[in-house]
$ cat entry_10.cif   # mmCIF, C-alpha atoms and all ligand atoms
data_start
loop_
_atom_site.label_atom_id
_atom_site.label_comp_id
_atom_site.auth_asym_id
_atom_site.auth_seq_id
_atom_site.Cartn_x
_atom_site.Cartn_y
_atom_site.Cartn_z
CA MET A 1 0.00 0.00 0.00
CA LYS A 2 2.95 2.31 0.69
CA GLU A 3 4.02 1.86 -2.93
CA LYS A 4 0.53 2.62 -4.12
CA LEU A 5 0.35 5.83 -2.07
CA LYS A 6 3.77 6.95 -3.35
CA ALA A 7 2.72 6.20 -6.92
CA ILE A 8 -0.48 8.22 -6.55
CA GLN A 9 1.43 11.13 -5.02
CA GLU A 10 3.93 11.20 -7.89
CA LYS A 11 1.31 10.85 -10.57
CA ALA A 12 -0.85 13.55 -9.02
CA MET A 13 2.02 16.01 -8.57
CA ALA A 14 3.13 15.58 -12.15
CA ALA A 15 -0.44 16.14 -13.29
CA PHE A 16 -0.71 19.30 -11.14
CA GLN A 17 2.45 20.65 -12.75
CA GLU A 18 0.97 20.21 -16.17
CA ALA A 19 -2.39 21.79 -15.43
CA LYS A 20 -3.00 24.54 -17.99
CA GLU A 21 -6.40 25.94 -16.95
CA MET A 22 -8.48 26.42 -13.82
CA LYS A 23 -10.82 23.76 -15.14
CA ASP A 24 -7.95 21.20 -15.09
CA ILE A 25 -7.38 21.99 -11.39
CA ASP A 26 -11.01 21.21 -10.55
CA ASP A 27 -10.87 17.98 -12.54
CA LEU A 28 -7.65 16.91 -10.81
CA LYS A 29 -9.07 17.65 -7.39
CA VAL A 30 -12.00 15.35 -8.10
CA LYS A 31 -9.76 12.72 -9.63
CA TYR A 32 -7.26 12.46 -6.75
CA LEU A 33 -8.81 13.98 -3.65
CA GLY A 34 -12.54 13.62 -4.27
CA LYS A 35 -14.91 11.21 -2.52
CA LYS A 36 -14.61 8.83 -5.47
CA GLY A 37 -10.98 9.72 -6.06
CA GLU A 38 -7.91 7.52 -6.11
CA LEU A 39 -6.75 8.39 -2.61
CA THR A 40 -10.13 7.62 -1.08
CA ALA A 41 -10.16 4.28 -2.94
CA ILE A 42 -6.92 3.30 -1.22
CA LEU A 43 -8.13 4.38 2.21
CA LYS A 44 -11.12 2.10 1.74
CA GLU A 45 -8.72 -0.83 1.58
CA MET A 46 -7.28 0.01 5.02
CA GLY A 47 -9.54 -2.59 6.60
CA LYS A 48 -7.40 -5.31 5.05
CA LEU A 49 -4.34 -4.10 6.96
CA SER A 50 -2.98 -5.42 10.22
CA ALA A 51 -3.39 -3.43 13.46
CA GLU A 52 0.31 -2.41 13.40
CA GLU A 53 0.32 -1.33 9.82
CA ARG A 54 -2.95 0.65 9.93
CA PRO A 55 -1.74 3.78 11.88
CA ILE A 56 1.43 3.97 9.83
CA ILE A 57 -0.39 3.75 6.53
CA GLY A 58 -3.10 6.07 7.91
CA GLN A 59 -0.46 8.65 8.84
CA MET A 60 1.13 8.33 5.45
CA ALA A 61 -2.17 8.70 3.66
CA ASN A 62 -2.88 11.89 5.61
CA ASP A 63 0.56 13.26 4.71
CA VAL A 64 -0.05 12.49 1.06
CA ARG A 65 -3.46 14.22 1.18
CA GLN A 66 -1.99 17.30 2.87
CA ASN A 67 0.88 17.37 0.40
CA LEU A 68 -1.41 17.08 -2.55
CA GLU A 69 -3.78 19.74 -1.22
CA LYS A 70 -0.84 22.10 -0.75
CA ARG A 71 0.48 21.43 -4.25
CA LEU A 72 -2.96 21.80 -5.73
CA ASP A 73 -3.27 25.20 -4.06
CA GLU A 74 0.09 26.23 -5.43
CA ALA A 75 -0.87 25.15 -8.91
CA LYS A 76 -4.14 27.07 -8.56
CA ASN A 77 -2.30 30.23 -7.53
CA ARG A 78 0.16 29.84 -10.35
CA LEU A 79 -2.66 29.55 -12.87
CA ALA A 80 -4.57 32.48 -11.37
CA ALA A 81 -1.47 34.68 -11.57
CA ALA A 82 -0.82 33.62 -15.16
CA GLU A 83 -4.41 34.28 -16.11
CA MET A 84 -4.31 37.76 -14.54
CA ALA A 85 -1.04 38.56 -16.29
CA HIS A 86 -2.56 37.44 -19.56
CA ARG A 87 -5.68 39.59 -19.06
CA LEU A 88 -3.65 42.63 -18.05
CA GLU A 89 -1.66 42.25 -21.24
CA LYS A 90 -4.70 41.65 -23.46
CA GLU A 91 -6.93 44.34 -21.99
CA LYS A 92 -4.28 46.98 -21.79
CA ILE A 93 -5.59 50.40 -22.85
CA ASP A 94 -3.51 53.34 -23.95
CA VAL A 95 -5.05 56.31 -22.18
CA THR A 96 -2.90 58.68 -24.21
CA MET A 97 -4.53 57.61 -27.51
CA PRO A 98 -6.61 60.37 -29.15
CA GLY A 99 -10.38 59.94 -28.62
CA ARG A 100 -12.86 59.35 -31.41
CA ALA A 101 -14.32 62.73 -32.41
CA ARG A 102 -18.10 62.92 -31.98
CA ALA A 103 -20.05 64.36 -34.92
CA GLU A 104 -21.76 67.37 -33.42
CA GLY A 105 -24.57 69.29 -35.09
CA HIS A 106 -25.25 72.97 -34.83
CA ARG A 107 -28.08 75.40 -35.37
CA HIS A 108 -29.35 76.28 -38.81
CA PRO A 109 -28.52 79.86 -39.93
CA MET A 110 -32.26 80.64 -39.83
CA SER A 111 -32.45 79.52 -36.19
CA ILE A 112 -29.34 81.53 -35.30
CA VAL A 113 -30.85 84.72 -36.76
CA THR A 114 -34.32 84.09 -35.27
CA ASP A 115 -32.93 83.40 -31.78
CA GLU A 116 -30.72 86.46 -31.96
CA ILE A 117 -33.57 88.80 -32.95
CA CYS A 118 -35.82 87.32 -30.24
CA SER A 119 -33.16 87.86 -27.58
CA ILE A 120 -32.66 91.49 -28.61
CA PHE A 121 -36.39 92.11 -28.12
CA MET A 122 -36.50 90.06 -24.91
CA GLY A 123 -33.79 92.39 -23.65
CA MET A 124 -36.24 95.25 -24.19
CA GLY A 125 -38.98 93.46 -22.25
CA TYR A 126 -40.87 91.86 -25.13
CA GLU A 127 -42.44 88.41 -24.82
CA VAL A 128 -41.95 85.82 -27.55
CA ALA A 129 -45.19 84.17 -28.71
CA GLU A 130 -45.80 81.44 -31.26
CA GLY A 131 -49.11 80.39 -32.74
CA PRO A 132 -50.94 78.26 -35.32
CA GLU A 133 -49.93 78.26 -38.99
CA VAL A 134 -53.43 77.17 -40.05
CA GLU A 135 -55.69 80.15 -39.43
CA LYS A 136 -59.08 81.68 -39.93
CA ASP A 137 -59.61 84.24 -42.67
CA TYR A 138 -60.79 86.59 -39.90
CA TYR A 139 -57.47 86.59 -37.98
CA ASN A 140 -55.30 86.71 -41.09
CA PHE A 141 -57.17 89.41 -43.03
CA GLU A 142 -60.45 90.75 -41.60
CA ALA A 143 -59.13 91.77 -38.17
CA LEU A 144 -56.16 93.48 -39.84
CA ASN A 145 -58.33 95.78 -41.90
CA ILE A 146 -57.43 94.02 -45.13
CA PRO A 147 -60.52 94.52 -47.33
CA LYS A 148 -62.27 91.71 -49.21
CA ASN A 149 -61.04 93.01 -52.57
CA HIS A 150 -57.37 93.30 -51.48
CA PRO A 151 -54.98 91.50 -53.88
CA ALA A 152 -53.43 89.52 -50.95
CA ARG A 153 -56.78 87.79 -50.50
CA ASP A 154 -56.69 86.49 -54.06
CA GLU A 155 -56.57 82.69 -54.46
CA GLN A 156 -53.44 83.34 -56.51
CA ASP A 157 -51.59 84.61 -53.45
CA THR A 158 -53.00 82.70 -50.49
CA PHE A 159 -53.29 78.96 -49.81
CA TYR A 160 -56.94 78.41 -48.88
CA ILE A 161 -57.67 75.11 -47.17
CA GLY A 162 -61.43 75.43 -47.59
CA GLY A 163 -64.17 77.71 -46.31
CA ASP A 164 -62.64 80.40 -44.18
CA ILE A 165 -59.55 78.37 -43.26
CA LEU A 166 -56.16 79.20 -44.76
CA LEU A 167 -52.38 79.02 -44.20
CA ARG A 168 -51.36 82.28 -42.54
CA THR A 169 -49.65 84.74 -44.89
CA GLN A 170 -48.10 86.68 -41.97
CA THR A 171 -47.75 86.08 -38.22
CA SER A 172 -50.16 88.94 -37.36
CA PRO A 173 -53.03 86.56 -36.49
CA MET A 174 -51.07 85.76 -33.30
CA GLN A 175 -50.89 89.46 -32.38
CA VAL A 176 -54.65 89.79 -32.99
CA ARG A 177 -55.30 86.82 -30.70
CA THR A 178 -53.13 88.45 -28.03
CA MET A 179 -55.00 91.78 -28.32
CA GLU A 180 -58.34 89.95 -28.09
CA LYS A 181 -57.32 88.47 -24.73
CA GLY A 182 -57.48 92.05 -23.41
CA LYS A 183 -54.39 91.92 -21.18
CA LEU A 184 -52.66 95.26 -21.54
CA PRO A 185 -50.04 96.58 -22.04
CA ILE A 186 -48.68 94.33 -24.82
CA ARG A 187 -45.03 94.01 -25.78
CA MET A 188 -44.52 90.98 -27.99
CA VAL A 189 -42.68 89.50 -30.94
CA CYS A 190 -43.92 86.52 -32.92
CA PRO A 191 -41.56 84.51 -35.16
CA GLY A 192 -42.73 81.72 -37.41
CA ALA A 193 -43.43 80.16 -40.80
CA VAL A 194 -45.83 81.88 -43.17
CA TYR A 195 -47.17 80.78 -46.56
CA ARG A 196 -47.77 82.48 -49.90
CA SER A 197 -48.56 80.96 -53.26
CA ASP A 198 -45.28 82.00 -54.94
CA GLU A 199 -43.08 80.20 -57.44
CA VAL A 200 -39.64 79.28 -56.05
CA ASP A 201 -36.77 81.48 -57.23
CA ALA A 202 -33.66 83.13 -55.73
CA THR A 203 -35.79 85.49 -53.60
CA HIS A 204 -39.17 83.71 -53.27
CA SER A 205 -40.51 80.56 -51.64
CA PRO A 206 -44.08 79.44 -50.81
CA VAL A 207 -42.90 78.84 -47.22
CA PHE A 208 -40.79 81.46 -45.50
CA HIS A 209 -40.39 82.99 -42.05
CA GLN A 210 -41.36 86.27 -40.52
CA LEU A 211 -41.00 87.99 -37.23
CA GLU A 212 -43.59 90.57 -36.28
CA GLY A 213 -43.73 92.78 -33.24
CA LEU A 214 -46.51 94.60 -31.46
CA VAL A 215 -46.55 97.15 -28.65
CA VAL A 216 -49.82 98.49 -27.24
CA ASP A 217 -49.97 100.84 -24.25
CA LYS A 218 -51.16 104.31 -23.27
CA ASN A 219 -49.38 107.20 -25.02
CA ILE A 220 -47.36 105.07 -27.47
CA THR A 221 -46.08 107.31 -30.28
CA MET A 222 -44.09 107.09 -33.49
CA GLY A 223 -41.14 108.18 -31.31
CA ASP A 224 -41.41 104.91 -29.35
CA LEU A 225 -41.49 102.99 -32.64
CA LYS A 226 -38.34 104.68 -33.92
CA GLY A 227 -36.54 104.34 -30.59
CA ALA A 228 -37.20 100.60 -30.34
CA LEU A 229 -36.37 99.84 -33.98
CA VAL A 230 -33.15 101.89 -34.05
CA VAL A 231 -31.89 100.11 -30.92
CA PHE A 232 -32.84 96.80 -32.54
CA ALA A 233 -31.02 97.58 -35.82
CA LYS A 234 -27.85 98.66 -34.00
CA GLU A 235 -27.83 95.55 -31.83
CA LEU A 236 -28.36 93.29 -34.83
CA PHE A 237 -25.99 94.91 -37.34
CA GLY A 238 -23.60 96.90 -35.13
CA GLU A 239 -23.43 100.27 -33.36
CA ASP A 240 -22.38 102.14 -36.52
CA THR A 241 -25.56 101.13 -38.35
CA LYS A 242 -27.73 104.02 -39.52
CA VAL A 243 -31.41 103.71 -40.31
CA ARG A 244 -33.85 105.67 -42.43
CA PHE A 245 -37.64 105.59 -42.57
CA ARG A 246 -39.55 105.98 -45.85
CA PRO A 247 -43.33 106.53 -45.91
CA HIS A 248 -45.28 103.46 -47.02
CA HIS A 249 -48.76 102.01 -46.90
CA PHE A 250 -50.13 99.00 -45.01
CA PRO A 251 -53.85 98.53 -44.37
CA PHE A 252 -53.23 97.64 -40.68
CA THR A 253 -51.03 100.62 -39.73
CA GLU A 254 -51.43 104.40 -40.11
CA PRO A 255 -49.07 106.08 -40.62
CA SER A 256 -46.84 103.35 -42.08
CA ALA A 257 -43.19 103.26 -43.03
CA GLU A 258 -40.42 101.04 -44.27
CA MET A 259 -37.14 101.06 -42.41
CA ASP A 260 -33.81 100.74 -44.22
CA VAL A 261 -30.42 100.05 -42.63
CA THR A 262 -26.97 100.98 -43.96
CA CYS A 263 -25.74 98.28 -46.32
CA PHE A 264 -23.84 95.53 -44.50
CA ALA A 265 -21.51 95.13 -47.51
CA CYS A 266 -20.33 98.74 -48.07
CA GLY A 267 -21.34 100.42 -44.82
CA GLY A 268 -23.36 103.11 -46.66
CA LYS A 269 -21.01 104.12 -49.50
CA GLY A 270 -23.08 102.42 -52.16
CA CYS A 271 -22.15 99.16 -53.86
CA ARG A 272 -23.43 96.27 -55.99
CA VAL A 273 -25.32 94.68 -53.09
CA CYS A 274 -27.37 97.82 -52.29
CA LYS A 275 -27.46 98.89 -55.95
CA GLY A 276 -25.60 102.11 -55.14
CA GLU A 277 -28.16 103.15 -52.50
CA GLY A 278 -26.02 102.69 -49.38
CA TYR A 279 -29.18 101.36 -47.67
CA ILE A 280 -31.07 98.05 -47.65
CA GLU A 281 -34.73 97.59 -46.72
CA LEU A 282 -35.09 95.70 -43.41
CA LEU A 283 -38.71 95.91 -42.26
CA GLY A 284 -42.17 97.46 -42.51
CA CYS A 285 -43.75 99.24 -39.58
CA GLY A 286 -46.30 101.76 -38.45
CA MET A 287 -48.76 102.90 -35.80
CA VAL A 288 -51.49 100.30 -35.34
CA HIS A 289 -54.62 101.43 -37.23
CA PRO A 290 -57.38 102.54 -34.80
CA LYS A 291 -59.82 100.24 -36.61
CA VAL A 292 -57.52 97.28 -35.92
CA LEU A 293 -57.36 98.09 -32.20
CA LYS A 294 -61.13 98.56 -32.04
CA MET A 295 -61.92 95.24 -33.79
CA SER A 296 -59.89 93.40 -31.15
CA GLY A 297 -61.67 95.21 -28.31
CA ILE A 298 -59.09 97.86 -27.47
CA ASP A 299 -60.29 101.48 -27.17
CA PRO A 300 -58.19 103.58 -29.61
CA ASP A 301 -58.99 106.75 -27.66
CA GLU A 302 -57.29 105.32 -24.60
CA TYR A 303 -54.59 103.11 -26.14
CA SER A 304 -52.23 103.33 -29.10
CA GLY A 305 -49.52 101.07 -30.42
CA PHE A 306 -46.90 100.35 -33.03
CA ALA A 307 -46.20 97.22 -35.02
CA PHE A 308 -43.55 95.96 -37.39
CA GLY A 309 -42.79 92.95 -39.51
CA MET A 310 -39.71 91.56 -41.24
CA GLY A 311 -38.79 88.60 -43.41
CA LEU A 312 -36.27 86.44 -41.56
CA GLU A 313 -34.76 84.81 -44.65
CA ARG A 314 -33.91 88.28 -45.84
CA VAL A 315 -32.19 89.14 -42.57
CA ALA A 316 -30.22 85.86 -42.69
CA MET A 317 -29.23 86.50 -46.32
CA GLN A 318 -28.02 90.02 -45.48
CA ARG A 319 -26.27 88.85 -42.37
CA TYR A 320 -24.32 86.07 -44.05
CA GLY A 321 -24.09 87.43 -47.59
CA ILE A 322 -26.25 84.64 -49.03
CA THR A 323 -27.45 85.48 -52.54
CA ASP A 324 -29.91 82.62 -53.15
CA LEU A 325 -32.83 82.00 -50.76
CA ARG A 326 -33.08 78.34 -51.82
CA LEU A 327 -29.81 77.53 -50.03
CA LEU A 328 -31.67 78.10 -46.75
CA PHE A 329 -34.18 75.33 -47.53
CA GLU A 330 -32.20 72.72 -49.45
CA ASN A 331 -30.16 71.42 -46.48
CA ASP A 332 -27.00 70.92 -48.49
CA MET A 333 -24.37 69.95 -45.89
CA LYS A 334 -21.62 71.80 -47.79
CA PHE A 335 -23.66 74.98 -47.27
CA LEU A 336 -24.82 74.33 -43.71
CA LYS A 337 -21.36 73.43 -42.42
CA GLN A 338 -20.27 77.03 -42.97
CA PHE A 339 -22.30 78.35 -40.04
C1 LIG A 401 -43.59 93.70 -43.66
C2 LIG A 401 -44.52 94.57 -42.90
C3 LIG A 401 -45.80 94.70 -40.93
C4 LIG A 401 -47.35 94.72 -39.14
C5 LIG A 401 -46.56 94.03 -40.02
C6 LIG A 401 -49.20 94.38 -37.60
C7 LIG A 401 -49.85 93.46 -36.81
C8 LIG A 401 -50.95 93.87 -36.13
C9 LIG A 401 -51.40 95.14 -36.20
C10 LIG A 401 -50.71 95.99 -36.97
CL1 LIG A 401 -51.79 92.74 -35.22
N1 LIG A 401 -49.63 95.63 -37.66
N2 LIG A 401 -48.11 93.98 -38.27
C11 LIG A 401 -47.35 96.10 -39.16
C12 LIG A 401 -46.56 96.76 -40.10
C13 LIG A 401 -45.79 96.08 -40.99
O1 LIG A 401 -45.03 93.94 -41.78
O2 LIG A 401 -42.95 94.13 -44.56
N3 LIG A 401 -43.45 92.44 -43.27
C14 LIG A 401 -42.58 91.54 -43.88
#
$ encode --input "entry_10.cif" --output "structure tokens" --more "lines below"
Ligand code: 2NL
Amino acid sequence: MKEKLKAIQEKAMAAFQEAKEMKDIDDLKVKYLGKKGELTAILKEMGKLSAEERPIIGQMANDVRQNLEKRLDEAKNRLAAAEMAHRLEKEKIDVTMPGRARAEGHRHPMSIVTDEICSIFMGMGYEVAEGPEVEKDYYNFEALNIPKNHPARDEQDTFYIGGDILLRTQTSPMQVRTMEKGKLPIRMVCPGAVYRSDEVDATHSPVFHQLEGLVVDKNITMGDLKGALVVFAKELFGEDTKVRFRPHHFPFTEPSAEMDVTCFACGGKGCRVCKGEGYIELLGCGMVHPKVLKMSGIDPDEYSGFAFGMGLERVAMQRYGITDLRLLFENDMKFLKQF
């Protein structure tokens, strides 16, 4: 039996040395030290031994078991260390490597211009309001003193949806709705898409964007209009910007004017962009027509107001020197990446 024990010990130790994976260790443990293992099989034969031999062989068997357990542990540690070393090598990361650049979007030039104009007016205490693009004939035309026979009401110019429903041709319906609510004073701007039945070319599109403003309070004069719009123009185009007002006509304002600003390209000297004028038209404006105030329930003897409206594509084109309106709608990445 001594020989057998020695043989098992040698065989087991050799096997432990050769173990390549953790799984081998577990298998070897079962094979040699397990309940159905080789060592246990020998111990079961102890009954056949004489009384003198039994303690000696028993002692020896215990030594072998302890030895093997110790060696098995060593082998296990060796494998664990090797495995860790291997993983550290394989999963090594170079923290100094450059990161992968993330593709980041940015605002559209139309959004940049719209946001900028809104913040200038917010700085002067105006609220920003947005409203429906599908409107009633009343809010788009009637309440703005635009008569039934006005060319803007022609089917050729306006998208009618049916009955008295249409796509708004200006953002004024939102101002009318605000006046109707009766909360005074009013200081508001309203940006948004408007629709007109135009053919697409370098300066026209059936969908474009406007920003209109409305102020209604006691004792509002043309002086307030000029003051607000001059501050606006200087903030948008720079402190050196000059403005000029030319008389005009709108059905919803009286008196009415158009406001020009010194040409962004030549600074007022006159060039190709402003056709030698030195000025470029920026917006239309005027004192809100008393009939318009009255129709929305505001007493024109007590209150007065001014209003203005501008095309946002035009502002963006001036601002960035864009010569074709279509670039703002086509979403060509080569164009958009420049902003
Ligand atoms: C232009 C001119 C303008 C208004 C819009 C307005 C709105 C109400 C009452 C009175 Cl509710 N007026 N809006 C006034 C003057 C001019 O727009 O050339 N737009 C592109």
$ closest_residue --input "entry_10.cif" --among "A:Cys271, A:Val207, A:Cys118, A:Val261" --to "A:Phe159" --atoms "all atoms listed in the file"
A:Val207
$ residues_near_ligand --input "entry_10.cif" --ligand "ligand LIG 401 (chain A)" --cutoff "10 Å" --atoms "all atoms listed in the file" --output "ChimeraX atom specification"
/A:139-140,143-145,169-179,190,209-216,248-259,281-293,296,305-312,314
$ residues_around --input "entry_10.cif" --residues "A:Val113" --least-positions-apart "6" --cutoff "10 Å" --atoms "all atoms listed in the file" --output "list in words"
Arg107, Ser119, Leu236, Leu312, Glu313, Val315, Ala316, Met317, Arg319 and Tyr320 of chain A
$ write_last_selection --input "entry_10.cif" --atoms "C-alpha atoms" --output "compact mmCIF listing (two decimals), in the coordinates of the input"
# COMPACT_ATOMS: atom_id res chain seq x y z
CA ARG A 107 -28.08 75.40 -35.37
CA SER A 119 -33.16 87.86 -27.58
CA LEU A 236 -28.36 93.29 -34.83
CA LEU A 312 -36.27 86.44 -41.56
CA GLU A 313 -34.76 84.81 -44.65
CA VAL A 315 -32.19 89.14 -42.57
CA ALA A 316 -30.22 85.86 -42.69
CA MET A 317 -29.23 86.50 -46.32
CA ARG A 319 -26.27 88.85 -42.37
CA TYR A 320 -24.32 86.07 -44.05
$ atom_distance --input "entry_10.cif" --atom1 "atom CA of A:His108" --atom2 "atom CA of A:Pro191"
15.2 Å
$ residues_around --input "entry_10.cif" --residues "stretch 40-43 of chain A" --least-positions-apart "5" --cutoff "9 Å" --atoms "only C-alpha atoms" --output "PyMOL selection string"
chain A and resi 1+4-5+32-35+57-58+61
$ closest_residue --input "entry_10.cif" --among "A:Ala14, A:Met124, A:Ala202, A:Thr96" --to "A:Gly227" --atoms "all atoms listed in the file"
A:Met124
$ axis_aligned_box --input "entry_10.cif" --around "stretch 315-327 of chain A" --padding-each-side "4 Å" --output "lines of an AutoDock Vina configuration file"
center_x = -28.6
center_y = 83.8
center_z = -47.8
size_x = 17.0
size_y = 20.5
size_z = 18.8
$ atom_distance --input "entry_10.cif" --atom1 "atom CA of A:Leu28" --atom2 "atom CA of A:Arg65"
13.0 Å
$ closest_residue --input "entry_10.cif" --among "A:Leu68, A:Arg168, A:Gly123, A:Gly278" --to "A:Cys266" --atoms "only C-alpha atoms"
A:Gly278
$ residues_around --input "entry_10.cif" --residues "A:Lys242" --least-positions-apart "6" --cutoff "10 Å" --atoms "only C-alpha atoms" --output "PyMOL selection string"
chain A and resi 230+233-234+260-263+267-268+279
$ closest_residue --input "entry_10.cif" --among "A:Ala7, A:Val189, A:Ala228, A:Ala19" --to "A:Arg78" --atoms "only C-alpha atoms"
A:Ala19
$ atom_distance --input "entry_10.cif" --atom1 "atom CA of A:Glu69" --atom2 "atom CA of A:Lys29"
8.4 Å
$ closest_residue --input "entry_10.cif" --among "A:Thr114, A:Thr241, A:Gln17, A:Gln59" --to "A:Ala75" --atoms "all atoms listed in the file"
A:Gln17
$ closest_residue --input "entry_10.cif" --among "A:Asp73, A:Asp164, A:Glu45, A:Glu52" --to "A:Met22" --atoms "only C-alpha atoms"
A:Asp73
$ residues_around --input "entry_10.cif" --residues "A:Asp201" --least-positions-apart "2" --cutoff "10 Å" --atoms "only C-alpha atoms" --output "PyMOL selection string"
chain A and resi 198-199+203-206+324-326
$ residues_around --input "entry_10.cif" --residues "A:Glu302" --least-positions-apart "6" --cutoff "10 Å" --atoms "only C-alpha atoms" --output "list in words"
Asp217, Lys218 and Asn219 of chain A
